[in-house]
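Structure file start-v2.txt with compact mmCIF, C-alpha atoms and all ligand atoms:
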# COMPACT_ATOMS: atom_id res chain seq x y z
CA MET A 1 -0.79 24.04 7.79
CA ILE A 2 -0.86 23.26 4.09
CA ASN A 3 -1.97 26.14 1.89
CA PHE A 4 -4.26 24.22 -0.46
CA LYS A 5 -5.49 27.34 -2.23
CA GLU A 6 -1.99 28.35 -3.19
CA LEU A 7 -1.13 24.82 -4.28
CA ALA A 8 -4.24 24.71 -6.49
CA THR A 9 -3.25 28.00 -8.10
CA THR A 10 0.34 26.93 -8.68
CA TYR A 11 -0.14 23.33 -9.75
CA LYS A 12 -3.79 23.22 -10.91
CA THR A 13 -6.32 20.54 -10.03
CA PRO A 14 -6.96 17.69 -9.63
CA LEU A 15 -3.81 17.27 -7.60
CA TYR A 16 -2.25 14.84 -5.16
CA ILE A 17 -0.32 16.38 -2.29
CA TYR A 18 1.97 14.38 0.01
CA ASP A 19 3.24 15.68 3.32
CA LEU A 20 6.58 13.89 3.61
CA ASP A 21 7.19 15.32 7.06
CA TYR A 22 4.07 13.53 8.30
CA MET A 23 5.31 10.32 6.68
CA THR A 24 8.64 10.69 8.48
CA LYS A 25 6.81 10.99 11.78
CA GLN A 26 4.84 7.80 11.12
CA TYR A 27 8.00 5.93 10.11
CA GLU A 28 9.88 7.04 13.21
CA GLU A 29 7.03 6.11 15.53
CA LEU A 30 6.80 2.58 14.17
CA LYS A 31 10.57 2.12 14.11
CA GLU A 32 10.77 3.36 17.68
CA ALA A 33 8.20 0.76 18.78
CA PHE A 34 10.66 -2.01 17.85
CA LYS A 35 13.60 -0.23 19.48
CA GLY A 36 16.21 -2.54 20.94
CA LYS A 37 15.18 -5.42 18.66
CA LYS A 38 16.59 -6.26 15.27
CA SER A 39 13.99 -4.95 12.87
CA ILE A 40 13.56 -3.69 9.32
CA LEU A 41 10.62 -1.64 8.18
CA ALA A 42 10.09 -2.60 4.55
CA TYR A 43 7.81 0.04 3.10
CA ALA A 44 4.98 -1.55 1.08
CA ILE A 45 5.53 0.26 -2.18
CA LYS A 46 2.10 -0.49 -3.59
CA SER A 47 0.47 1.91 -1.14
CA ASN A 48 2.19 4.85 -2.83
CA SER A 49 4.79 4.01 -5.43
CA ASN A 50 5.97 7.45 -6.44
CA LEU A 51 9.78 7.27 -6.69
CA SER A 52 10.25 10.30 -4.46
CA VAL A 53 8.08 8.78 -1.74
CA ILE A 54 10.07 5.52 -1.88
CA LYS A 55 13.31 7.50 -1.85
CA HIS A 56 12.12 9.47 1.14
CA PHE A 57 11.58 6.27 3.14
CA ALA A 58 14.83 4.77 1.86
CA THR A 59 16.66 7.81 3.21
CA LEU A 60 15.11 7.14 6.61
CA GLY A 61 16.52 3.59 6.47
CA SER A 62 13.49 1.79 5.13
CA GLY A 63 13.51 -1.32 2.99
CA ALA A 64 10.86 -2.15 0.42
CA ASP A 65 8.13 -4.74 0.13
CA CYS A 66 7.36 -5.23 -3.55
CA VAL A 67 4.57 -7.12 -5.29
CA SER A 68 5.85 -6.98 -8.88
CA ILE A 69 9.23 -6.76 -10.52
CA GLY A 70 8.28 -3.22 -11.52
CA GLU A 71 8.11 -2.34 -7.84
CA VAL A 72 11.48 -4.04 -7.27
CA ARG A 73 12.93 -1.84 -10.00
CA ARG A 74 11.36 1.22 -8.41
CA ALA A 75 12.96 0.27 -5.09
CA PHE A 76 16.40 0.01 -6.67
CA LEU A 77 15.94 3.29 -8.56
CA ALA A 78 14.93 5.02 -5.35
CA GLY A 79 18.08 3.81 -3.62
CA VAL A 80 16.76 1.00 -1.43
CA PRO A 81 19.66 -1.43 -0.84
CA SER A 82 19.18 -4.96 -2.26
CA TYR A 83 19.49 -6.53 1.20
CA LYS A 84 16.32 -4.71 2.31
CA ILE A 85 14.12 -5.60 -0.68
CA ILE A 86 11.45 -8.29 -0.45
CA PHE A 87 9.41 -9.62 -3.35
CA SER A 88 5.94 -10.90 -2.42
CA GLY A 89 2.80 -11.72 -4.39
CA VAL A 90 0.63 -14.69 -5.23
CA GLY A 91 1.54 -14.90 -8.93
CA LYS A 92 5.09 -14.22 -10.06
CA SER A 93 6.09 -14.85 -13.65
CA ASP A 94 9.28 -16.76 -14.52
CA ASP A 95 10.85 -13.54 -15.78
CA GLU A 96 10.07 -11.79 -12.52
CA ILE A 97 11.51 -14.63 -10.46
CA ARG A 98 14.65 -14.68 -12.61
CA GLU A 99 15.23 -10.96 -12.26
CA ALA A 100 14.61 -11.07 -8.52
CA ILE A 101 17.20 -13.83 -8.09
CA GLU A 102 19.72 -12.01 -10.27
CA SER A 103 19.16 -8.82 -8.30
CA ASP A 104 20.15 -10.64 -5.10
CA ILE A 105 17.33 -9.15 -3.01
CA LEU A 106 16.83 -10.15 0.64
CA TYR A 107 14.31 -12.88 -0.19
CA ILE A 108 11.40 -13.94 -2.33
CA ASN A 109 8.19 -14.53 -0.42
CA VAL A 110 6.84 -17.79 -1.79
CA GLU A 111 3.08 -18.26 -1.76
CA SER A 112 2.51 -21.84 -3.01
CA GLU A 113 4.18 -25.22 -3.44
CA ALA A 114 4.04 -24.78 -7.21
CA GLU A 115 5.82 -21.46 -6.91
CA LEU A 116 8.50 -23.00 -4.73
CA GLY A 117 9.12 -25.47 -7.53
CA ARG A 118 9.44 -22.69 -10.11
CA VAL A 119 11.80 -20.67 -7.92
CA GLU A 120 14.01 -23.73 -7.37
CA LEU A 121 14.11 -24.54 -11.08
CA ILE A 122 14.99 -20.99 -12.07
CA ALA A 123 17.64 -20.70 -9.36
CA LYS A 124 19.14 -23.96 -10.66
CA GLU A 125 19.19 -22.65 -14.24
CA LEU A 126 21.01 -19.58 -12.97
CA GLY A 127 23.39 -21.63 -10.84
CA ALA A 128 22.22 -19.56 -7.88
CA VAL A 129 20.95 -20.05 -4.36
CA CYS A 130 17.73 -18.13 -3.76
CA ARG A 131 16.81 -16.91 -0.31
CA ILE A 132 13.15 -17.51 0.35
CA SER A 133 10.50 -16.94 2.92
CA ILE A 134 7.15 -18.70 2.91
CA ARG A 135 3.90 -16.87 3.32
CA VAL A 136 1.80 -18.73 5.83
CA ASN A 137 -1.95 -18.34 5.93
CA PRO A 138 -2.83 -18.67 9.63
CA ASN A 139 -6.58 -18.86 8.92
CA ILE A 140 -7.44 -16.02 11.28
CA ASP A 141 -10.23 -13.57 10.56
CA PRO A 142 -8.63 -10.12 10.57
CA LEU A 143 -12.00 -8.36 11.11
CA THR A 144 -11.56 -5.94 8.23
CA HIS A 145 -13.24 -5.30 4.86
CA PRO A 146 -13.53 -8.61 2.89
CA TYR A 147 -11.72 -7.11 -0.11
CA ILE A 148 -8.65 -6.38 1.99
CA SER A 149 -8.77 -9.51 4.15
CA THR A 150 -6.03 -11.95 3.18
CA GLY A 151 -5.43 -14.33 6.09
CA LEU A 152 -8.30 -16.80 5.72
CA HIS A 153 -8.21 -20.05 3.76
CA ASP A 154 -10.91 -18.57 1.52
CA ASN A 155 -8.36 -16.00 0.34
CA LYS A 156 -5.87 -16.68 -2.41
CA PHE A 157 -2.85 -15.70 -0.30
CA GLY A 158 -0.27 -17.90 1.39
CA VAL A 159 -0.23 -21.61 2.30
CA GLU A 160 -1.54 -23.62 5.24
CA ILE A 161 0.74 -24.47 8.13
CA ASP A 162 1.16 -28.14 7.16
CA ALA A 163 1.97 -27.29 3.57
CA ALA A 164 4.42 -24.64 4.77
CA LYS A 165 6.26 -27.18 6.87
CA ARG A 166 6.61 -29.55 3.92
CA MET A 167 7.86 -26.67 1.80
CA TYR A 168 10.49 -25.67 4.38
CA ILE A 169 11.78 -29.24 4.46
CA LYS A 170 11.92 -29.33 0.68
CA ALA A 171 13.66 -25.95 0.52
CA ASN A 172 16.13 -26.93 3.18
CA ASN A 173 17.08 -30.03 1.21
CA SER A 174 17.53 -28.09 -2.00
CA GLU A 175 20.95 -26.85 -3.16
CA HIS A 176 19.28 -23.87 -4.78
CA LEU A 177 16.99 -22.65 -2.04
CA ASP A 178 17.87 -21.08 1.28
CA PRO A 179 14.86 -20.75 3.58
CA VAL A 180 15.63 -17.70 5.71
CA GLY A 181 12.25 -16.26 6.64
CA ILE A 182 8.62 -16.78 7.42
CA HIS A 183 5.86 -14.37 6.51
CA PHE A 184 2.23 -13.65 7.22
CA HIS A 185 0.02 -10.73 6.24
CA ILE A 186 -3.60 -11.19 7.27
CA GLY A 187 -5.17 -8.10 5.80
CA SER A 188 -5.14 -4.36 5.52
CA GLN A 189 -6.64 -1.55 7.59
CA LEU A 190 -6.45 -3.77 10.70
CA THR A 191 -7.84 -2.11 13.79
CA GLU A 192 -7.89 -5.12 16.14
CA LEU A 193 -4.73 -6.42 17.75
CA LYS A 194 -6.05 -9.85 18.70
CA PRO A 195 -6.03 -11.45 15.24
CA ILE A 196 -2.49 -10.17 14.65
CA TYR A 197 -1.32 -11.60 17.96
CA GLU A 198 -3.04 -14.94 17.33
CA SER A 199 -1.50 -15.18 13.88
CA ALA A 200 1.94 -14.34 15.23
CA VAL A 201 1.58 -17.08 17.87
CA ILE A 202 0.66 -19.68 15.22
CA VAL A 203 3.53 -18.64 12.98
CA ALA A 204 6.04 -18.47 15.86
CA ASP A 205 5.04 -22.03 16.81
CA LEU A 206 5.92 -23.13 13.31
CA VAL A 207 9.30 -21.39 13.65
CA ARG A 208 9.95 -23.39 16.84
CA SER A 209 8.91 -26.65 15.29
CA LEU A 210 11.19 -25.99 12.33
CA SER A 211 14.01 -25.20 14.70
CA ASN A 212 13.47 -28.63 16.28
CA ILE A 213 14.31 -30.20 12.95
CA LYS A 214 17.32 -27.94 12.49
CA ILE A 215 15.74 -25.46 10.10
CA GLU A 216 16.76 -22.14 11.61
CA LEU A 217 15.03 -19.08 10.22
CA LYS A 218 16.39 -15.54 10.57
CA PHE A 219 13.48 -13.31 9.59
CA PHE A 220 10.02 -13.11 11.10
CA ASP A 221 8.00 -11.08 8.61
CA ILE A 222 4.77 -9.79 10.12
CA GLY A 223 3.46 -8.16 6.94
CA GLY A 224 1.73 -4.81 6.99
CA GLY A 225 -1.86 -3.93 7.59
CA LEU A 226 -1.82 -1.46 10.49
CA GLY A 227 -5.00 0.55 10.21
CA VAL A 228 -5.35 4.32 10.22
CA VAL A 229 -8.09 6.80 11.07
CA TYR A 230 -10.27 7.69 8.11
CA LYS A 231 -13.29 8.72 10.16
CA ASN A 232 -13.42 7.74 13.83
CA GLU A 233 -11.80 4.29 13.94
CA THR A 234 -9.91 3.21 17.03
CA THR A 235 -6.53 2.13 15.75
CA ILE A 236 -3.70 -0.02 17.06
CA LYS A 237 -0.84 1.86 18.72
CA PRO A 238 2.55 0.98 17.25
CA TYR A 239 3.88 0.32 20.75
CA ASP A 240 1.09 -2.19 21.52
CA TYR A 241 1.58 -3.78 18.12
CA ALA A 242 5.29 -4.30 18.71
CA GLN A 243 4.68 -5.64 22.21
CA ALA A 244 2.15 -8.17 20.89
CA ILE A 245 4.61 -9.41 18.28
CA LEU A 246 7.44 -9.62 20.78
CA GLY A 247 5.11 -11.46 23.15
CA ALA A 248 4.34 -14.06 20.48
CA LEU A 249 8.03 -14.44 19.68
CA LYS A 250 8.96 -15.13 23.30
CA GLY A 251 12.55 -16.27 23.38
CA LEU A 252 12.98 -16.47 19.61
CA ASP A 253 15.86 -14.37 18.34
CA LEU A 254 14.75 -13.31 14.87
CA THR A 255 14.96 -10.09 12.90
CA ILE A 256 11.45 -8.68 12.68
CA ILE A 257 10.42 -7.43 9.28
CA CYS A 258 7.37 -5.21 9.13
CA GLU A 259 5.80 -4.13 5.85
CA PRO A 260 3.74 -1.02 6.55
CA GLY A 261 2.06 0.76 3.68
CA ARG A 262 -1.12 2.59 4.61
CA PHE A 263 0.14 3.42 8.11
CA LEU A 264 3.02 5.41 6.66
CA THR A 265 1.28 7.13 3.78
CA ALA A 266 -2.52 7.32 4.05
CA ASN A 267 -2.93 10.37 6.23
CA GLY A 268 0.04 12.16 4.71
CA GLY A 269 -1.81 12.48 1.42
CA TYR A 270 -4.54 14.81 0.17
CA PHE A 271 -6.43 14.83 -3.07
CA LEU A 272 -7.34 18.33 -4.13
CA THR A 273 -10.22 18.83 -6.51
CA LYS A 274 -12.14 21.83 -7.77
CA VAL A 275 -15.90 22.31 -7.79
CA LEU A 276 -17.34 22.57 -11.28
CA TYR A 277 -21.04 22.90 -10.51
CA GLU A 278 -23.83 22.22 -8.11
CA LYS A 279 -26.68 20.21 -9.56
CA GLN A 280 -30.07 19.15 -8.27
CA ASN A 281 -32.02 16.10 -9.56
CA GLY A 282 -35.38 16.23 -7.83
CA SER A 283 -34.55 16.29 -4.14
CA LYS A 284 -31.03 14.93 -4.69
CA ARG A 285 -28.13 17.34 -4.52
CA PHE A 286 -24.86 16.73 -6.37
CA VAL A 287 -21.56 18.56 -6.21
CA VAL A 288 -19.72 17.88 -9.47
CA VAL A 289 -15.92 18.19 -9.20
CA ASP A 290 -13.00 17.94 -11.61
CA GLY A 291 -11.46 14.84 -9.97
CA ALA A 292 -12.94 11.40 -10.50
CA MET A 293 -12.80 7.69 -9.76
CA ASN A 294 -9.91 7.36 -12.20
CA ASP A 295 -7.89 9.53 -9.78
CA LEU A 296 -9.06 8.08 -6.45
CA LEU A 297 -10.88 4.77 -6.70
CA ARG A 298 -11.32 3.82 -3.06
CA PRO A 299 -14.83 5.24 -2.56
CA SER A 300 -16.08 3.48 -5.71
CA LEU A 301 -14.20 0.24 -5.06
CA TYR A 302 -14.73 -0.22 -1.32
CA LYS A 303 -17.31 2.43 -0.48
CA ALA A 304 -14.39 3.82 1.51
CA TYR A 305 -15.01 6.92 3.60
CA HIS A 306 -12.75 9.93 3.04
CA LYS A 307 -13.13 13.10 5.02
CA ILE A 308 -13.85 16.09 2.78
CA GLU A 309 -12.96 19.65 3.67
CA ALA A 310 -14.45 22.51 1.66
CA ILE A 311 -12.42 25.64 0.99
CA THR A 312 -15.07 28.22 0.18
CA ASN A 313 -16.42 31.64 1.09
CA SER A 314 -19.90 30.20 1.20
CA THR A 315 -21.75 30.86 4.44
CA THR A 316 -24.90 28.87 3.64
CA ASP A 317 -26.15 26.12 5.92
CA GLU A 318 -24.79 22.66 5.24
CA SER A 319 -26.97 20.10 3.54
CA GLU A 320 -26.31 16.62 2.24
CA ALA A 321 -24.86 16.12 -1.22
CA ASP A 322 -23.18 13.42 -3.26
CA VAL A 323 -19.74 14.50 -4.41
CA VAL A 324 -19.29 13.12 -7.91
CA GLY A 325 -16.78 13.27 -10.75
CA PRO A 326 -17.19 13.63 -14.53
CA VAL A 327 -16.60 9.94 -15.39
CA CYS A 328 -19.49 8.13 -17.08
CA GLU A 329 -20.23 5.69 -14.26
CA SER A 330 -22.79 5.93 -11.48
CA GLY A 331 -20.04 4.53 -9.24
CA ASP A 332 -17.97 7.66 -9.82
CA PHE A 333 -18.28 9.37 -6.45
CA PHE A 334 -16.09 10.51 -3.56
CA ALA A 335 -18.87 10.67 -0.98
CA LYS A 336 -22.59 10.07 -0.63
CA ASN A 337 -24.86 12.26 1.50
CA TYR A 338 -21.98 14.38 2.77
CA SER A 339 -22.85 17.61 4.58
CA LEU A 340 -21.48 20.61 2.74
CA PRO A 341 -22.46 24.28 2.29
CA ILE A 342 -23.68 25.39 -1.13
CA LEU A 343 -20.50 25.61 -3.19
CA GLU A 344 -19.44 27.92 -6.00
CA HIS A 345 -17.60 27.23 -9.23
CA ASN A 346 -13.83 26.98 -8.41
CA ASP A 347 -14.28 26.32 -4.69
CA LEU A 348 -11.89 23.59 -3.55
CA LEU A 349 -12.52 20.27 -1.88
CA VAL A 350 -9.69 18.61 0.00
CA ILE A 351 -10.16 14.87 0.16
CA HIS A 352 -8.22 13.59 3.14
CA SER A 353 -6.37 10.31 3.77
CA ALA A 354 -5.50 9.99 0.09
CA GLY A 355 -1.82 9.10 0.46
CA ALA A 356 -2.31 5.33 0.32
CA TYR A 357 -3.95 3.37 -2.48
CA GLY A 358 -4.82 6.65 -4.17
CA PHE A 359 -2.74 7.65 -7.16
CA GLY A 360 -1.46 4.10 -7.67
CA MET A 361 -4.94 2.71 -8.27
CA GLY A 362 -5.60 5.41 -10.81
CA SER A 363 -6.28 4.84 -14.49
CA ASN A 364 -6.80 6.73 -17.71
CA TYR A 365 -10.44 5.73 -17.98
CA ASN A 366 -12.42 8.21 -20.09
CA THR A 367 -9.06 9.41 -21.52
CA ARG A 368 -8.36 11.41 -18.43
CA GLY A 369 -4.71 12.13 -17.73
CA ARG A 370 -3.54 11.26 -14.25
CA SER A 371 -3.14 14.15 -11.81
CA ALA A 372 0.17 15.68 -10.91
CA GLU A 373 1.74 14.72 -7.58
CA VAL A 374 3.33 17.28 -5.30
CA ALA A 375 5.44 16.61 -2.21
CA ILE A 376 5.90 18.94 0.74
CA LYS A 377 9.11 18.59 2.70
CA GLY A 378 10.33 21.08 5.27
CA GLY A 379 7.53 23.41 4.20
CA GLU A 380 8.66 23.41 0.55
CA ALA A 381 6.40 22.05 -2.19
CA ARG A 382 7.67 20.49 -5.40
CA VAL A 383 6.26 18.42 -8.23
CA ILE A 384 7.28 14.76 -8.00
CA ARG A 385 5.21 13.62 -10.97
CA LYS A 386 4.02 15.76 -13.86
CA ARG A 387 0.41 15.88 -14.84
CA GLU A 388 -0.30 13.52 -17.74
CA GLU A 389 -1.15 15.27 -21.00
CA PHE A 390 -3.18 13.97 -23.90
CA GLU A 391 0.04 13.24 -25.82
CA ASP A 392 1.20 10.93 -23.02
CA LEU A 393 -2.04 8.98 -23.19
CA ILE A 394 -1.80 8.22 -26.90
CA ALA A 395 1.97 7.78 -27.10
CA LEU A 396 1.83 3.98 -27.29
CA GLU A 397 -0.99 3.93 -29.84
CA LYS A 398 -0.46 6.70 -32.32
CA ASP A 399 2.21 4.91 -34.37
CA PHE A 400 0.13 1.72 -34.55
CA LEU A 401 -3.07 2.95 -36.16
CA VAL A 402 -4.88 0.25 -38.13
CA LYS A 403 -4.80 0.76 -41.90
C1 LIG B 501 -0.43 -4.76 0.73
C2 LIG B 501 0.62 -5.43 1.50
C3 LIG B 501 1.26 -4.77 2.56
C4 LIG B 501 0.88 -3.39 3.01
O1 LIG B 501 -0.40 -3.34 3.53
P1 LIG B 501 -0.89 -2.02 4.32
O2 LIG B 501 -2.25 -2.37 4.75
O3 LIG B 501 -0.87 -0.90 3.35
O4 LIG B 501 0.05 -1.81 5.44
C5 LIG B 501 2.27 -5.43 3.21
N1 LIG B 501 2.64 -6.69 2.86
C6 LIG B 501 2.03 -7.35 1.84
C7 LIG B 501 2.50 -8.71 1.50
C8 LIG B 501 1.01 -6.76 1.15
O5 LIG B 501 0.40 -7.42 0.17

Structure encoded using structure tokens:
Amino acid sequence: MINFKELATTYKTPLYIYDLDYMTKQYEELKEAFKGKKSILAYAIKSNSNLSVIKHFATLGSGADCVSIGEVRRAFLAGVPSYKIIFSGVGKSDDEIREAIESDILYINVESEAELGRVELIAKELGAVCRISIRVNPNIDPLTHPYISTGLHDNKFGVEIDAAKRMYIKANNSEHLDPVGIHFHIGSQLTELKPIYESAVIVADLVRSLSNIKIELKFFDIGGGLGVVYKNETTIKPYDYAQAILGALKGLDLTIICEPGRFLTANGGYFLTKVLYEKQNGSKRFVVVDGAMNDLLRPSLYKAYHKIEAITNSTTDESEADVVGPVCESGDFFAKNYSLPILEHNDLLVIHSAGAYGFGMGSNYNTRGRSAEVAIKGGEARVIRKREEFEDLIALEKDFLVK
């Protein structure tokens, strides 16, 4: 049991809290599901990019899936070995590609024919051979929120099967490219196994047809996307997930790369915020708290549901309220019509499932410093990122004032 009250007293609010022991459990369960097969879990850093969180997974043996060169640098700093680092993303700059090649990471995930051309050119300039994987878009509806769906032709991600095949042939004929992997990632917060299985079958077929023309791949990268429980979702069991992938691979001897983000971090994180006031506008009740959309954007961005737990001595009946922050936007809320007792100044609200796509999506909007982050490991809490102060927010401006 996490003592939120004590943490609020010690570290102040708003505050992110990460239970690293929970994250270990999630990692081990997923790793175990692929037991007996060659596999690498490459933690998707964007879900929670705090260096200590990355380091924690690296210590467990995890690799890293990165979507910017900044994330690649974080992975290195946190001790992830180069041969377990993957660089994905639909738009990589020349500088990013160059640094990725020079860093000798496992492979670059290429997402278009044009990008393949850039990677080849830059590898040639460097006199290098770049390992690549191609992100295939299997055109399967992942049955998740449209903002986090990525595997349909309508989405900007990946290339069609036919284009992928052409690209593999081109890469295979190039002195500066080494096609080693194939990749798909059809969306996030996936709760249905069928689209994953169907995608894996399509992609495995491409692997076989490439093998027929003597292009032998080593890595079968199934992306991330495993869903978690925010409210009452039925989720995919890691064991069933692994079995589906292995079923699609039938007979193919490839190292499976999995890029979990949310599955590892979401439910290991809590966002702790303090009640400032209750407020009533006509019949509408608001609970105003000290955290805001600049700390945790998911409710505003996706209307995402987060469970809220009140820590209070209040014994009043529950009634519905909107939980809102101080930012000057009507979209600044954590919940709408959420049942809560009447709360007092300084009562605490624990916003659950905040470990993934929480802090990282934060901003300084309204000149609000980002919250501190605290990690709990073996029952011990420690700060893993200091709270941002006003001075931090103006540091890059104050010496550049217009005359
Ligand atoms: C975002 C992303 C992931 C992680 O997604 P989750 O839903 O957090 O597991 C994995 N791979 C790629 C390429 C991604 O873009």

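CA of Phe390 (chain A) to CA of Gly369 (chain A) spans 6.6 Å [interatomic distance, one decimal].
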
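Closest approach to ligand LIG 501 (chain B) among A:Glu309, A:Asp290, A:Glu380, A:Glu111 is made by A:Glu111 (distances from all atoms listed in the file).
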
Practice problem: Write out as a PyMOL selection string which residues come within 12 Å of Thr234 (chain A) when counting all atoms listed in the file, dropping same-chain ones fewer than 5 positions away. | Solution: chain A and resi 189-193+226-229

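Atom pair CA of Arg385 (chain A) / CA of Asn50 (chain A): separated by 7.7 Å.
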
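Across the structure, CA of Gly331 (chain A) and CA of Tyr302 (chain A) are spaced 10.7 Å apart.
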
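The nearest approach to Arg166 (chain A) among the residues A:Ser39, A:Ser112, A:Thr367, A:Asn212, with all atoms listed in the file taken into account, belongs to A:Ser112.
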
Give me, as an mmCIF file with C-alpha atoms, in the frame of the given file, all polymer residues having an atom no more than 9 Å from Ser300 (chain A), counting all atoms listed in the file and skipping those fewer than 5 positions away in the same chain.
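The result, written out as result21.cif:
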data_model
loop_
_atom_site.group_PDB
_atom_site.id
_atom_site.type_symbol
_atom_site.label_atom_id
_atom_site.label_comp_id
_atom_site.auth_asym_id
_atom_site.auth_seq_id
_atom_site.Cartn_x
_atom_site.Cartn_y
_atom_site.Cartn_z
ATOM 1 C CA MET A 293 -12.800 7.690 -9.760
ATOM 2 C CA GLY A 331 -20.040 4.530 -9.240
ATOM 3 C CA ASP A 332 -17.970 7.660 -9.820
ATOM 4 C CA PHE A 333 -18.280 9.370 -6.450
ATOM 5 C CA PHE A 334 -16.090 10.510 -3.560
#

Throw together the list of residues within 8 Å of ligand LIG 501 (chain B), counting only C-alpha atoms and all ligand atoms, and drop it here as a PDB file with C-alpha atoms, keeping the file's coordinate frame.
ATOM      1  CA  TYR A  43       7.810   0.040   3.100  1.00  0.00           C
ATOM      2  CA  ALA A  44       4.980  -1.550   1.080  1.00  0.00           C
ATOM      3  CA  ILE A  45       5.530   0.260  -2.180  1.00  0.00           C
ATOM      4  CA  LYS A  46       2.100  -0.490  -3.590  1.00  0.00           C
ATOM      5  CA  SER A  47       0.470   1.910  -1.140  1.00  0.00           C
ATOM      6  CA  ASP A  65       8.130  -4.740   0.130  1.00  0.00           C
ATOM      7  CA  CYS A  66       7.360  -5.230  -3.550  1.00  0.00           C
ATOM      8  CA  VAL A  67       4.570  -7.120  -5.290  1.00  0.00           C
ATOM      9  CA  SER A  88       5.940 -10.900  -2.420  1.00  0.00           C
ATOM     10  CA  GLY A  89       2.800 -11.720  -4.390  1.00  0.00           C
ATOM     11  CA  PHE A 184       2.230 -13.650   7.220  1.00  0.00           C
ATOM     12  CA  HIS A 185       0.020 -10.730   6.240  1.00  0.00           C
ATOM     13  CA  GLY A 187      -5.170  -8.100   5.800  1.00  0.00           C
ATOM     14  CA  SER A 188      -5.140  -4.360   5.520  1.00  0.00           C
ATOM     15  CA  GLN A 189      -6.640  -1.550   7.590  1.00  0.00           C
ATOM     16  CA  LEU A 190      -6.450  -3.770  10.700  1.00  0.00           C
ATOM     17  CA  GLY A 223       3.460  -8.160   6.940  1.00  0.00           C
ATOM     18  CA  GLY A 224       1.730  -4.810   6.990  1.00  0.00           C
ATOM     19  CA  GLY A 225      -1.860  -3.930   7.590  1.00  0.00           C
ATOM     20  CA  LEU A 226      -1.820  -1.460  10.490  1.00  0.00           C
ATOM     21  CA  GLY A 227      -5.000   0.550  10.210  1.00  0.00           C
ATOM     22  CA  CYS A 258       7.370  -5.210   9.130  1.00  0.00           C
ATOM     23  CA  GLU A 259       5.800  -4.130   5.850  1.00  0.00           C
ATOM     24  CA  PRO A 260       3.740  -1.020   6.550  1.00  0.00           C
ATOM     25  CA  GLY A 261       2.060   0.760   3.680  1.00  0.00           C
ATOM     26  CA  ARG A 262      -1.120   2.590   4.610  1.00  0.00           C
ATOM     27  CA  PHE A 263       0.140   3.420   8.110  1.00  0.00           C
ATOM     28  CA  LEU A 264       3.020   5.410   6.660  1.00  0.00           C
ATOM     29  CA  ALA A 356      -2.310   5.330   0.320  1.00  0.00           C
ATOM     30  CA  TYR A 357      -3.950   3.370  -2.480  1.00  0.00           C
TER      31      TYR A 357
END

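Closest approach to Lys55 (chain A) from the set A:Pro14, A:Pro81, A:Gly358, A:Gly127 is made by A:Pro81, with distances taken over all atoms listed in the file.
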
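Residue nearest Asp95 (chain A) within the list A:Ser353, A:Ser330, A:Ser82, A:Ser68: A:Ser68 [criterion: smallest interatomic distance, all atoms listed in the file].
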
Self-check item: Pro138 (chain A) environment, 12 Å, all atoms listed in the file, sequence neighbours closer than 5 positions dropped, as number ranges by chain
Solution: A: 150-155, 157-164, 182-187, 195-206, 222

Quiz prompt | Pick from A:Val288, A:Val90, A:Leu297, A:Ile215, whichever lies nearest to Asn173 (chain A) using only C-alpha atoms | solution = A:Ile215

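Using all atoms listed in the file, the protein and nucleic acid residues lying no more than 9 Å from Glu388 (chain A), apart from those fewer than 3 places from it along its own chain, are Arg368, Gly369, Arg370, Ser371, Ala372, Arg385, Glu391, Asp392 and Leu393 of chain A.
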